[in-house]
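File shown: run-v8.txt (compact mmCIF, C-alpha atoms and all ligand atoms).
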# COMPACT_ATOMS: atom_id res chain seq x y z
CA MET A 1 5.61 -4.60 -34.60
CA PRO A 2 8.17 -4.91 -31.77
CA ILE A 3 10.11 -1.76 -30.97
CA ARG A 4 13.82 -2.35 -31.54
CA GLN A 5 16.15 -0.11 -29.65
CA GLU A 6 19.56 0.69 -31.08
CA ASP A 7 22.04 -1.94 -30.01
CA HIS A 8 24.29 0.32 -28.00
CA LEU A 9 26.44 -2.08 -26.01
CA MET A 10 29.93 -0.68 -25.92
CA PRO A 11 32.58 -2.97 -27.43
CA LEU A 12 34.81 -4.35 -24.70
CA ASP A 13 38.53 -4.83 -24.68
CA PRO A 14 38.94 -8.56 -23.81
CA ASN A 15 41.11 -7.59 -20.84
CA GLU A 16 38.67 -5.04 -19.58
CA LYS A 17 36.29 -5.92 -16.77
CA ILE A 18 32.59 -5.24 -17.21
CA ARG A 19 31.76 -2.19 -15.11
CA VAL A 20 28.19 -2.51 -13.85
CA LEU A 21 26.78 0.30 -11.77
CA ALA A 22 24.10 -1.25 -9.55
CA VAL A 23 21.52 1.03 -7.95
CA ALA A 24 19.48 0.53 -4.79
CA GLY A 25 17.50 3.13 -2.92
CA ALA A 26 14.59 1.88 -0.87
CA ARG A 27 13.97 -1.05 1.46
CA PRO A 28 12.54 -3.52 -1.07
CA ASN A 29 15.54 -2.93 -3.34
CA PHE A 30 18.06 -4.23 -0.83
CA MET A 31 16.96 -7.88 -0.81
CA LYS A 32 16.94 -7.79 -4.63
CA ILE A 33 20.38 -6.25 -5.06
CA ALA A 34 22.01 -8.53 -2.43
CA PRO A 35 22.22 -11.78 -4.47
CA LEU A 36 23.36 -9.82 -7.54
CA MET A 37 26.24 -8.22 -5.62
CA HIS A 38 27.20 -11.66 -4.26
CA GLU A 39 27.14 -13.06 -7.79
CA PHE A 40 29.37 -10.27 -9.16
CA ALA A 41 31.76 -10.91 -6.28
CA ARG A 42 32.03 -14.56 -7.37
CA ARG A 43 33.31 -13.41 -10.78
CA PRO A 44 36.00 -10.85 -9.92
CA ASP A 45 37.89 -11.53 -13.16
CA ARG A 46 34.94 -10.46 -15.31
CA PHE A 47 33.02 -7.85 -13.33
CA GLU A 48 33.81 -4.60 -11.59
CA PRO A 49 30.56 -3.64 -9.83
CA VAL A 50 29.91 -0.21 -8.35
CA LEU A 51 27.11 -0.15 -5.79
CA VAL A 52 25.20 3.12 -5.50
CA HIS A 53 22.73 3.79 -2.69
CA THR A 54 20.52 6.70 -3.65
CA GLY A 55 19.60 7.41 -0.02
CA GLN A 56 15.84 7.31 -0.74
CA HIS A 57 15.52 5.31 2.50
CA TYR A 58 17.96 6.34 5.19
CA ASP A 59 16.73 5.27 8.67
CA LYS A 60 18.83 2.46 10.15
CA ALA A 61 15.76 0.23 10.31
CA MET A 62 14.85 0.94 6.66
CA SER A 63 18.34 0.67 5.19
CA GLU A 64 21.53 -0.08 7.15
CA SER A 65 20.09 -3.08 9.00
CA PHE A 66 19.42 -4.75 5.63
CA PHE A 67 23.02 -4.27 4.53
CA GLU A 68 24.11 -5.92 7.79
CA ASP A 69 21.59 -8.79 7.72
CA LEU A 70 22.18 -9.61 4.06
CA GLY A 71 25.94 -9.05 3.93
CA ILE A 72 25.63 -6.46 1.15
CA PRO A 73 28.93 -4.63 0.62
CA GLN A 74 29.00 -1.02 1.77
CA PRO A 75 27.82 1.19 -1.10
CA ASP A 76 30.66 2.75 -3.09
CA VAL A 77 28.61 5.93 -3.27
CA ASN A 78 25.61 7.23 -1.30
CA LEU A 79 23.74 10.01 -3.10
CA GLY A 80 21.89 10.99 0.10
CA VAL A 81 18.73 12.17 -1.62
CA GLY A 82 16.36 11.47 1.31
CA SER A 83 12.61 12.08 1.34
CA GLY A 84 10.63 14.56 -0.71
CA SER A 85 7.73 14.77 -3.12
CA HIS A 86 7.86 12.32 -6.00
CA GLY A 87 9.13 15.04 -8.33
CA GLN A 88 11.81 16.23 -5.92
CA GLN A 89 13.01 12.76 -5.02
CA THR A 90 13.13 11.54 -8.62
CA ALA A 91 14.81 14.73 -9.82
CA GLN A 92 17.45 14.58 -7.09
CA VAL A 93 18.41 11.02 -8.01
CA LEU A 94 18.39 11.87 -11.72
CA MET A 95 20.72 14.84 -11.29
CA LYS A 96 23.12 13.20 -8.89
CA ILE A 97 23.36 9.90 -10.70
CA GLU A 98 23.94 11.59 -14.04
CA GLU A 99 27.07 13.23 -12.65
CA LEU A 100 28.25 9.91 -11.30
CA LEU A 101 27.63 8.13 -14.60
CA ILE A 102 29.61 10.76 -16.49
CA GLU A 103 32.46 10.31 -14.03
CA ARG A 104 32.45 6.50 -13.89
CA ARG A 105 31.33 5.59 -17.44
CA PRO A 106 29.97 2.12 -16.57
CA HIS A 107 29.24 -0.37 -19.35
CA ALA A 108 25.76 -0.99 -17.91
CA VAL A 109 23.43 0.27 -15.20
CA LEU A 110 21.49 -2.31 -13.20
CA VAL A 111 18.24 -1.29 -11.52
CA VAL A 112 15.77 -3.38 -9.52
CA GLY A 113 12.08 -3.13 -8.71
CA ASP A 114 9.83 -0.13 -9.12
CA VAL A 115 10.71 2.64 -6.70
CA ASN A 116 11.47 6.25 -7.59
CA SER A 117 15.21 5.53 -7.53
CA THR A 118 14.69 2.82 -10.18
CA ILE A 119 13.17 5.06 -12.85
CA ALA A 120 15.46 7.99 -12.03
CA ALA A 121 18.64 5.93 -12.47
CA ALA A 122 17.34 4.23 -15.61
CA LEU A 123 16.43 7.55 -17.21
CA ALA A 124 19.78 9.14 -16.42
CA ALA A 125 21.61 6.13 -17.88
CA VAL A 126 19.67 5.76 -21.10
CA LYS A 127 20.08 9.46 -21.91
CA LEU A 128 23.84 8.94 -21.66
CA ASP A 129 23.55 5.94 -23.97
CA ILE A 130 24.43 3.52 -21.17
CA PRO A 131 22.35 0.33 -21.45
CA VAL A 132 20.00 -0.43 -18.58
CA ALA A 133 19.26 -3.84 -17.07
CA HIS A 134 15.92 -3.95 -15.25
CA VAL A 135 15.47 -6.74 -12.75
CA GLU A 136 11.79 -7.53 -12.06
CA ALA A 137 10.61 -6.14 -15.39
CA GLY A 138 7.14 -6.41 -16.92
CA LEU A 139 4.96 -6.52 -13.79
CA ARG A 140 1.72 -4.57 -14.25
CA SER A 141 -1.10 -3.82 -11.81
CA TRP A 142 -2.97 -1.84 -14.50
CA ASP A 143 -3.52 0.80 -11.84
CA ARG A 144 -1.86 4.00 -12.97
CA LYS A 145 -2.69 5.67 -9.65
CA MET A 146 0.10 3.63 -8.07
CA PRO A 147 3.39 5.53 -8.32
CA GLU A 148 5.15 2.19 -8.76
CA GLU A 149 3.11 1.36 -11.88
CA ILE A 150 4.37 4.52 -13.58
CA ASN A 151 7.92 3.65 -12.51
CA ARG A 152 7.56 0.11 -13.90
CA VAL A 153 6.18 1.13 -17.29
CA LEU A 154 8.75 3.88 -17.81
CA THR A 155 11.73 1.85 -16.63
CA ASP A 156 10.82 -1.06 -18.89
CA SER A 157 10.42 1.22 -21.87
CA VAL A 158 14.04 2.41 -21.65
CA SER A 159 15.71 -0.86 -20.64
CA HIS A 160 17.96 -3.00 -22.80
CA TRP A 161 17.70 -6.19 -20.71
CA LEU A 162 14.32 -7.00 -19.16
CA PHE A 163 14.69 -9.72 -16.54
CA THR A 164 11.35 -11.21 -15.53
CA THR A 165 10.09 -13.17 -12.54
CA GLU A 166 6.89 -14.72 -13.89
CA PRO A 167 5.16 -15.51 -17.20
CA SER A 168 2.67 -12.60 -17.01
CA ALA A 169 5.57 -10.16 -17.21
CA GLU A 170 6.74 -11.45 -20.57
CA GLU A 171 3.17 -11.31 -21.94
CA ASN A 172 2.84 -7.70 -20.76
CA LEU A 173 6.12 -6.65 -22.33
CA LEU A 174 5.37 -8.33 -25.65
CA ARG A 175 1.98 -6.60 -25.71
CA GLU A 176 3.77 -3.29 -25.18
CA GLY A 177 5.95 -3.97 -28.20
CA VAL A 178 9.22 -4.93 -26.51
CA ALA A 179 11.45 -7.05 -28.75
CA PRO A 180 11.38 -10.69 -27.55
CA GLU A 181 15.17 -11.01 -27.54
CA LYS A 182 15.39 -8.36 -24.81
CA ILE A 183 13.17 -10.33 -22.40
CA HIS A 184 14.74 -12.98 -20.16
CA PHE A 185 12.70 -15.11 -17.76
CA VAL A 186 15.21 -15.69 -14.97
CA GLY A 187 13.21 -16.20 -11.76
CA ASN A 188 13.06 -14.08 -8.66
CA VAL A 189 16.09 -12.52 -6.97
CA MET A 190 14.02 -11.69 -3.89
CA ILE A 191 13.40 -15.41 -3.45
CA ASP A 192 17.15 -16.08 -3.93
CA THR A 193 17.62 -13.99 -0.81
CA LEU A 194 14.79 -15.67 1.08
CA LEU A 195 16.10 -19.17 0.37
CA ALA A 196 19.65 -18.16 1.27
CA HIS A 197 18.56 -16.82 4.68
CA GLN A 198 15.78 -19.20 5.69
CA GLU A 199 17.98 -21.37 7.92
CA ARG A 200 19.56 -18.42 9.72
CA ALA A 201 16.14 -16.88 10.31
CA ARG A 202 14.79 -20.12 11.80
CA GLU A 203 17.44 -19.98 14.53
CA LEU A 204 16.33 -16.55 15.77
CA ASP A 205 14.31 -16.09 18.95
CA THR A 206 12.03 -13.50 17.33
CA LEU A 207 8.81 -15.27 18.30
CA ALA A 208 9.86 -15.67 21.94
CA ARG A 209 10.89 -12.01 22.11
CA LEU A 210 7.45 -10.99 20.87
CA GLY A 211 5.69 -13.50 23.14
CA LEU A 212 4.31 -15.53 20.21
CA SER A 213 4.02 -19.21 19.42
CA PRO A 214 4.09 -20.68 15.89
CA HIS A 215 0.88 -20.48 13.83
CA SER A 216 -0.89 -18.49 16.55
CA TYR A 217 -0.52 -14.98 15.21
CA ALA A 218 -1.07 -12.86 12.10
CA VAL A 219 1.36 -10.39 10.51
CA LEU A 220 0.17 -7.10 9.06
CA THR A 221 2.00 -4.55 6.92
CA LEU A 222 0.45 -1.41 5.45
CA HIS A 223 2.21 1.45 3.74
CA ARG A 224 0.60 2.14 0.34
CA PRO A 225 -0.53 5.75 -0.03
CA SER A 226 -3.95 4.46 -1.18
CA ASN A 227 -4.43 2.72 2.19
CA VAL A 228 -2.68 4.94 4.70
CA ASP A 229 -3.04 8.48 3.40
CA SER A 230 -6.81 8.58 3.98
CA ALA A 231 -7.83 8.78 7.64
CA GLU A 232 -11.25 7.31 6.90
CA ARG A 233 -9.84 4.26 5.15
CA LEU A 234 -7.21 3.72 7.82
CA ILE A 235 -9.81 3.84 10.60
CA ARG A 236 -12.02 1.32 8.80
CA LEU A 237 -9.06 -1.02 8.25
CA PHE A 238 -7.99 -0.74 11.88
CA GLU A 239 -11.53 -1.56 13.06
CA VAL A 240 -11.70 -4.85 11.23
CA LEU A 241 -8.10 -5.78 12.03
CA GLY A 242 -8.64 -4.83 15.68
CA ARG A 243 -11.45 -7.40 15.81
CA LEU A 244 -9.10 -10.09 14.47
CA ASN A 245 -6.51 -9.04 17.05
CA LYS A 246 -8.90 -9.98 19.86
CA GLU A 247 -8.80 -13.62 18.68
CA LEU A 248 -5.35 -13.84 17.12
CA PRO A 249 -2.52 -11.41 17.91
CA VAL A 250 -1.88 -9.18 14.88
CA ILE A 251 1.76 -8.07 14.74
CA PHE A 252 2.09 -4.79 12.89
CA PRO A 253 5.60 -3.50 12.18
CA ILE A 254 4.96 0.10 11.24
CA HIS A 255 6.45 1.69 8.14
CA PRO A 256 7.53 5.33 8.70
CA ARG A 257 4.96 6.56 6.15
CA THR A 258 2.19 4.81 8.11
CA ALA A 259 3.51 6.09 11.43
CA HIS A 260 3.38 9.65 10.06
CA ALA A 261 -0.15 9.10 8.72
CA ILE A 262 -1.41 7.78 12.07
CA GLU A 263 0.22 10.67 13.89
CA ALA A 264 -1.06 13.31 11.49
CA ASN A 265 -4.55 12.00 10.67
CA LEU A 266 -5.82 9.93 13.57
CA GLY A 267 -5.42 12.52 16.31
CA GLY A 268 -3.49 10.29 18.70
CA LEU A 269 -5.76 7.27 18.19
CA LYS A 270 -3.67 4.10 18.46
CA PRO A 271 -4.77 1.00 16.53
CA ASP A 272 -5.72 -1.95 18.71
CA LEU A 273 -2.93 -4.15 17.32
CA HIS A 274 0.53 -5.32 18.41
CA LEU A 275 2.65 -2.48 17.06
CA THR A 276 6.40 -2.75 16.56
CA ASP A 277 9.04 -0.61 14.89
CA PRO A 278 10.05 -1.79 11.38
CA LEU A 279 11.86 -5.13 11.73
CA GLY A 280 15.13 -6.23 10.17
CA TYR A 281 15.09 -8.71 7.29
CA LEU A 282 15.86 -11.83 9.31
CA ASP A 283 13.42 -11.08 12.13
CA PHE A 284 10.68 -10.35 9.63
CA LEU A 285 11.41 -13.55 7.69
CA ARG A 286 11.23 -15.47 10.97
CA LEU A 287 7.87 -13.89 11.70
CA LEU A 288 6.47 -14.63 8.22
CA THR A 289 7.62 -18.25 8.28
CA ASP A 290 5.32 -19.35 11.11
CA ALA A 291 2.45 -16.88 10.72
CA GLN A 292 -1.07 -18.29 10.58
CA MET A 293 -1.85 -15.62 8.02
CA VAL A 294 -0.34 -12.47 6.56
CA LEU A 295 -2.29 -9.35 5.63
CA THR A 296 -0.44 -6.85 3.49
CA ASP A 297 -0.47 -4.20 0.79
CA SER A 298 3.18 -4.83 -0.11
CA GLY A 299 4.26 -6.29 -3.44
CA GLY A 300 7.25 -8.27 -2.21
CA ILE A 301 5.45 -9.89 0.73
CA GLN A 302 2.94 -11.45 -1.68
CA GLU A 303 5.90 -13.24 -3.25
CA GLU A 304 7.62 -14.14 0.00
CA THR A 305 4.46 -15.75 1.45
CA THR A 306 4.02 -17.70 -1.78
CA ALA A 307 7.59 -19.01 -1.52
CA LEU A 308 6.98 -19.93 2.14
CA GLY A 309 3.49 -21.42 1.53
CA VAL A 310 1.92 -19.07 4.10
CA PRO A 311 -1.62 -17.78 3.41
CA CYS A 312 -1.62 -14.13 2.35
CA LEU A 313 -4.53 -11.70 2.08
CA THR A 314 -3.62 -8.71 -0.06
CA LEU A 315 -5.43 -5.55 1.00
CA ARG A 316 -5.46 -3.99 -2.47
CA ASN A 317 -7.73 -4.20 -5.48
CA SER A 318 -5.10 -5.51 -7.88
CA THR A 319 -1.77 -7.24 -7.99
CA GLU A 320 1.09 -6.87 -10.44
CA ARG A 321 2.22 -10.36 -9.36
CA PRO A 322 -0.62 -12.65 -10.55
CA VAL A 323 1.45 -15.82 -10.22
CA THR A 324 1.16 -15.45 -6.44
CA VAL A 325 -2.61 -15.89 -6.88
CA THR A 326 -2.73 -18.50 -9.66
CA GLU A 327 0.02 -20.68 -8.20
CA GLY A 328 0.79 -19.31 -4.76
CA THR A 329 -1.04 -18.65 -1.51
CA ASN A 330 -2.17 -15.10 -2.20
CA ARG A 331 -5.74 -13.74 -2.39
CA ILE A 332 -6.62 -10.26 -3.54
CA VAL A 333 -9.16 -9.14 -1.00
CA GLY A 334 -9.45 -5.40 -1.62
CA THR A 335 -9.97 -2.85 1.13
CA ASP A 336 -13.66 -3.23 1.90
CA PRO A 337 -13.90 -4.20 5.62
CA ALA A 338 -16.70 -6.74 5.05
CA ALA A 339 -14.69 -8.51 2.34
CA ILE A 340 -11.61 -8.57 4.57
CA GLU A 341 -13.62 -9.99 7.44
CA THR A 342 -15.04 -12.75 5.23
CA ALA A 343 -11.61 -13.68 3.90
CA ILE A 344 -10.20 -13.81 7.43
CA ALA A 345 -13.09 -16.02 8.57
CA ASP A 346 -12.56 -18.36 5.59
CA LEU A 347 -8.94 -18.79 6.57
CA ARG A 348 -9.66 -19.16 10.28
CA ASN A 349 -12.39 -21.73 9.66
CA GLY A 350 -10.09 -24.31 8.29
CA PRO A 351 -8.82 -26.06 5.23
CA ALA A 352 -11.52 -24.85 2.84
CA GLY A 353 -10.20 -21.31 3.20
CA GLU A 354 -6.57 -22.26 2.76
CA LYS A 355 -4.81 -22.38 -0.56
CA ASN A 356 -2.22 -25.05 -1.16
CA GLY A 357 0.18 -22.99 -3.15
CA ARG A 358 3.28 -24.17 -4.95
CA ARG A 359 6.47 -22.29 -5.64
CA PRO A 360 6.41 -20.74 -9.14
CA ALA A 361 8.83 -21.82 -11.86
CA LEU A 362 12.44 -20.67 -11.45
CA TRP A 363 11.91 -19.33 -7.92
CA ASP A 364 14.75 -21.63 -7.00
CA GLY A 365 17.53 -19.44 -5.64
CA ARG A 366 19.40 -19.15 -8.96
CA ALA A 367 17.90 -15.99 -10.49
CA ALA A 368 20.91 -13.74 -9.81
CA ALA A 369 23.27 -16.29 -11.36
CA ARG A 370 21.10 -16.43 -14.49
CA ILE A 371 21.09 -12.64 -14.76
CA VAL A 372 24.83 -12.30 -14.40
CA ASP A 373 25.36 -15.16 -16.88
CA ILE A 374 23.33 -13.26 -19.48
CA LEU A 375 25.19 -9.99 -18.88
CA GLU A 376 28.52 -11.80 -19.14
CA ARG A 377 27.48 -13.58 -22.33
CA ASP A 378 26.20 -10.42 -24.00
CA PHE A 379 29.31 -8.43 -23.22
CA SER A 380 31.63 -11.32 -24.16
CA GLU A 381 30.03 -11.47 -27.59
CA ARG A 382 31.00 -7.86 -28.03
CA GLU A 383 34.67 -8.01 -27.09
CA LEU A 384 36.76 -5.89 -29.46
CA ASP A 385 38.39 -8.85 -31.18
CA LYS A 386 35.01 -10.21 -32.14
CA VAL A 387 33.49 -7.06 -33.64
C1 LIG B 401 8.85 3.46 -1.20
C2 LIG B 401 8.47 3.00 -2.60
C3 LIG B 401 7.48 1.85 -2.51
C4 LIG B 401 8.00 0.74 -1.62
C5 LIG B 401 8.34 1.32 -0.27
C6 LIG B 401 8.86 0.30 0.68
C7 LIG B 401 8.38 4.76 -4.33
C8 LIG B 401 7.46 5.54 -5.18
N1 LIG B 401 7.80 4.05 -3.34
O1 LIG B 401 7.67 3.96 -0.60
O2 LIG B 401 7.29 1.31 -3.81
O3 LIG B 401 7.03 -0.26 -1.49
O4 LIG B 401 9.33 2.34 -0.46
O5 LIG B 401 9.21 0.85 1.89
O6 LIG B 401 9.56 4.78 -4.54
N2 LIG B 401 10.72 7.73 5.66
C9 LIG B 401 11.43 7.73 6.83
N3 LIG B 401 12.62 7.07 6.84
C10 LIG B 401 13.13 6.43 5.77
C11 LIG B 401 12.38 6.46 4.58
C12 LIG B 401 11.18 7.11 4.53
O7 LIG B 401 11.02 8.27 7.83
O8 LIG B 401 14.22 5.84 5.85
C13 LIG B 401 9.40 8.41 5.64
C14 LIG B 401 9.49 9.83 5.15
O9 LIG B 401 8.55 10.60 5.85
C15 LIG B 401 9.02 9.74 3.72
C16 LIG B 401 8.02 8.59 3.78
O10 LIG B 401 8.53 7.71 4.76
O11 LIG B 401 8.49 10.93 3.27
C17 LIG B 401 7.85 7.86 2.49
O12 LIG B 401 9.12 7.46 1.96
P1 LIG B 401 9.34 7.32 0.37
O13 LIG B 401 10.70 6.81 0.08
O14 LIG B 401 8.93 8.56 -0.30
O15 LIG B 401 8.27 6.25 -0.06
P2 LIG B 401 7.76 4.92 0.66
O16 LIG B 401 6.35 5.12 1.10
O17 LIG B 401 8.74 4.42 1.65

Go ahead and render the structure in this file as structure tokens.
Ligand code: UD1
Amino acid sequence: MPIRQEDHLMPLDPNEKIRVLAVAGARPNFMKIAPLMHEFARRPDRFEPVLVHTGQHYDKAMSESFFEDLGIPQPDVNLGVGSGSHGQQTAQVLMKIEELLIERRPHAVLVVGDVNSTIAAALAAVKLDIPVAHVEAGLRSWDRKMPEEINRVLTDSVSHWLFTTEPSAEENLLREGVAPEKIHFVGNVMIDTLLAHQERARELDTLARLGLSPHSYAVLTLHRPSNVDSAERLIRLFEVLGRLNKELPVIFPIHPRTAHAIEANLGGLKPDLHLTDPLGYLDFLRLLTDAQMVLTDSGGIQEETTALGVPCLTLRNSTERPVTVTEGTNRIVGTDPAAIETAIADLRNGPAGEKNGRRPALWDGRAAARIVDILERDFSERELDKV
């Protein structure tokens, strides 16, 4: 029996704009919020967006550079929560955003993805009876040891609109008892951003700056606690990747969490890879576009490589984004060095190892427009003269 939440959309005065408070906090949120902010800006007569940056990520390379590259408006408010344990970080966002919601009284709160800022903002909103829109709802890795899985399940359970990127998400939500009318398959806002910036990225001299030529290098990203917080696992991963690096340069932009883990756990040992600081969005997109292969434990990069048709080996035991495997170029390889080595060899040894992926349905650059259409429709149906 589907769970039906109270229909708590506030009636709107027809002359009143729809106040949406949009929340972003960590790097993968910024490319998701960007096309939504652009879409609100195209409809100034209907929407009055308020952009809140929680401050979960705060380094220039992890935050500000994305606002610049993607033309995201300056946040109206920055909560400045910074780093901390999961409990501290989530609690800080919850407390600070609650105050803001009481002050601003938005008609809806829009959250994206699965980071700590996502669940904290959603929880604060729903307790104040403000409806929550969750963009990228319904993804499940079935691995409750991932902090993001907890964030996904909890955020979905309190959301009024569940905007999904792929068919598995709808199946998961229905199985969890979410009412079908709350689920909207709209496509992928992260791919909206990728398609909008592909041409600009192509013009960059990123490869020349890094001394690379197209299709002659690999890209690596690693930041999941399950991979980087254990010294033993990190050393084993670096051994196998170091061997690849002898044949094919492996470019490794280092996430701050990984940099800390290397510093703290590996006693000064430097991986035998081409290390760089975290890259900006456009440089990283340029790098992905012409990579021979990508090795990653990120969620978003599995989707970006699928959209680009670039082979991706995911160094995790599960994915919450199965469409990247069934339709895209992604393979779930796990973290066992022998399995990684075999998968790399399959790819290196030619066409048999390569997957000819296709771009999944509705990953067409129009997801943000579909989302904002639905919000506009739902609020318009509730204007005061119609209730
Ligand atoms: C967070 C998200 C993860 C996402 C990742 C992308 C959660 C639970 N995790 O993980 O889903 O894939 O962002 O980057 O929300 N740090 C800095 N500068 C910064 C930000 C972080 O130095 O600007 C360092 C701090 O030491 C911090 C650590 O990185 O303690 C981890 O940051 P945190 O936001 O807690 O989680 P991420 O690992 O970045």

Show me as number ranges by chain the residues that reach within 7 Å of (-3.1, -7.8, 13.3), counting only C-alpha atoms and using the file's own coordinates.
A: 218-220, 241-242, 244-245, 249-252, 273-274

Using atom CA of A:Leu362 and atom CA of A:Asn188 as the two end points, give the distance in Å to one decimal.
7.2 Å

Would you write out, as JSON lines, a table of all residues in stretch 14-128 of chain A that have an atom no more than 12 Å from an atom of stretch 365-387 of chain A, listing for each the closest atom pair and the distance in Å to one decimal, considering all atoms listed in the file and ordering rows by chain and rising residue number?
{"residue": "A:Pro14", "atom": "CA", "partner": "A:Glu383", "partner_atom": "CA", "distance": 5.4}
{"residue": "A:Asn15", "atom": "CA", "partner": "A:Glu383", "partner_atom": "CA", "distance": 9.0}
{"residue": "A:Glu16", "atom": "CA", "partner": "A:Glu383", "partner_atom": "CA", "distance": 9.0}
{"residue": "A:Lys17", "atom": "CA", "partner": "A:Phe379", "partner_atom": "CA", "distance": 9.8}
{"residue": "A:Ile18", "atom": "CA", "partner": "A:Phe379", "partner_atom": "CA", "distance": 7.6}
{"residue": "A:Arg19", "atom": "CA", "partner": "A:Phe379", "partner_atom": "CA", "distance": 10.5}
{"residue": "A:Val20", "atom": "CA", "partner": "A:Leu375", "partner_atom": "CA", "distance": 9.5}
{"residue": "A:Met31", "atom": "CA", "partner": "A:Ala368", "partner_atom": "CA", "distance": 11.4}
{"residue": "A:Lys32", "atom": "CA", "partner": "A:Ala368", "partner_atom": "CA", "distance": 8.8}
{"residue": "A:Ile33", "atom": "CA", "partner": "A:Ala368", "partner_atom": "CA", "distance": 8.9}
{"residue": "A:Ala34", "atom": "CA", "partner": "A:Ala368", "partner_atom": "CA", "distance": 9.1}
{"residue": "A:Pro35", "atom": "CA", "partner": "A:Ala368", "partner_atom": "CA", "distance": 5.8}
{"residue": "A:Leu36", "atom": "CA", "partner": "A:Ala368", "partner_atom": "CA", "distance": 5.1}
{"residue": "A:Met37", "atom": "CA", "partner": "A:Ala368", "partner_atom": "CA", "distance": 8.7}
{"residue": "A:His38", "atom": "CA", "partner": "A:Ala368", "partner_atom": "CA", "distance": 8.6}
{"residue": "A:Glu39", "atom": "CA", "partner": "A:Ala369", "partner_atom": "CA", "distance": 6.2}
{"residue": "A:Phe40", "atom": "CA", "partner": "A:Val372", "partner_atom": "CA", "distance": 7.2}
{"residue": "A:Ala41", "atom": "CA", "partner": "A:Val372", "partner_atom": "CA", "distance": 10.8}
{"residue": "A:Arg42", "atom": "CA", "partner": "A:Ala369", "partner_atom": "CA", "distance": 9.8}
{"residue": "A:Arg43", "atom": "CA", "partner": "A:Val372", "partner_atom": "CA", "distance": 9.3}
{"residue": "A:Pro44", "atom": "CA", "partner": "A:Glu376", "partner_atom": "CA", "distance": 11.9}
{"residue": "A:Asp45", "atom": "CA", "partner": "A:Glu376", "partner_atom": "CA", "distance": 11.1}
{"residue": "A:Arg46", "atom": "CA", "partner": "A:Glu376", "partner_atom": "CA", "distance": 7.6}
{"residue": "A:Phe47", "atom": "CA", "partner": "A:Glu376", "partner_atom": "CA", "distance": 8.3}
{"residue": "A:Glu48", "atom": "CA", "partner": "A:Glu376", "partner_atom": "CA", "distance": 11.7}
{"residue": "A:Pro49", "atom": "CA", "partner": "A:Val372", "partner_atom": "CA", "distance": 11.3}
{"residue": "A:His107", "atom": "CA", "partner": "A:Phe379", "partner_atom": "CA", "distance": 8.9}
{"residue": "A:Ala108", "atom": "CA", "partner": "A:Leu375", "partner_atom": "CA", "distance": 9.1}
{"residue": "A:Val109", "atom": "CA", "partner": "A:Leu375", "partner_atom": "CA", "distance": 11.0}
{"residue": "A:Leu110", "atom": "CA", "partner": "A:Leu375", "partner_atom": "CA", "distance": 10.2}
{"residue": "A:Val112", "atom": "CA", "partner": "A:Ala368", "partner_atom": "CA", "distance": 11.6}

Counting only C-alpha atoms, which residues sit no farther than 8 Å from the position (-6.8, -16.6, 3.9) in the file's frame? I'd like them as a ChimeraX atom specification.
/A:293,311-313,330-331,343-348,353-355

Leaving out A:Ala259 and any residue of its chain fewer than 6 positions from it, which residues lie within 10 Å of it when counting all atoms listed in the file, given as a ChimeraX atom specification?
/A:223,228,253,277

One number please: atom CA of A:Glu103 to atom CA of A:Val77, in Å, one decimal.
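Atom CA of A:Val77 lies at a distance of 12.2 Å from atom CA of A:Glu103.
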
Leaving out A:Val52 and any residue of its chain fewer than 2 positions from it, which residues lie within 8 Å of it when counting all atoms listed in the file, given as a ChimeraX atom specification?
/A:21-24,50,54,75-79

Export, as a PDB file, in the coordinates of the input, the selected residues with C-alpha atoms.
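Heads up, here's the output in out34.pdb:
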ATOM      1  CA  LEU A  21      26.780   0.300 -11.770  1.00  0.00           C
ATOM      2  CA  ALA A  22      24.100  -1.250  -9.550  1.00  0.00           C
ATOM      3  CA  VAL A  23      21.520   1.030  -7.950  1.00  0.00           C
ATOM      4  CA  ALA A  24      19.480   0.530  -4.790  1.00  0.00           C
ATOM      5  CA  VAL A  50      29.910  -0.210  -8.350  1.00  0.00           C
ATOM      6  CA  THR A  54      20.520   6.700  -3.650  1.00  0.00           C
ATOM      7  CA  PRO A  75      27.820   1.190  -1.100  1.00  0.00           C
ATOM      8  CA  ASP A  76      30.660   2.750  -3.090  1.00  0.00           C
ATOM      9  CA  VAL A  77      28.610   5.930  -3.270  1.00  0.00           C
ATOM     10  CA  ASN A  78      25.610   7.230  -1.300  1.00  0.00           C
ATOM     11  CA  LEU A  79      23.740  10.010  -3.100  1.00  0.00           C
TER      12      LEU A  79
END

List the spatial neighbours of stretch 262-267 of chain A as an NGL selection string - criterion: any atom at most 12 Å away, all atoms listed in the file, same-chain residues fewer than 5 positions off excluded.
:A and (222-223 or 227-236 or 238 or 254-257)
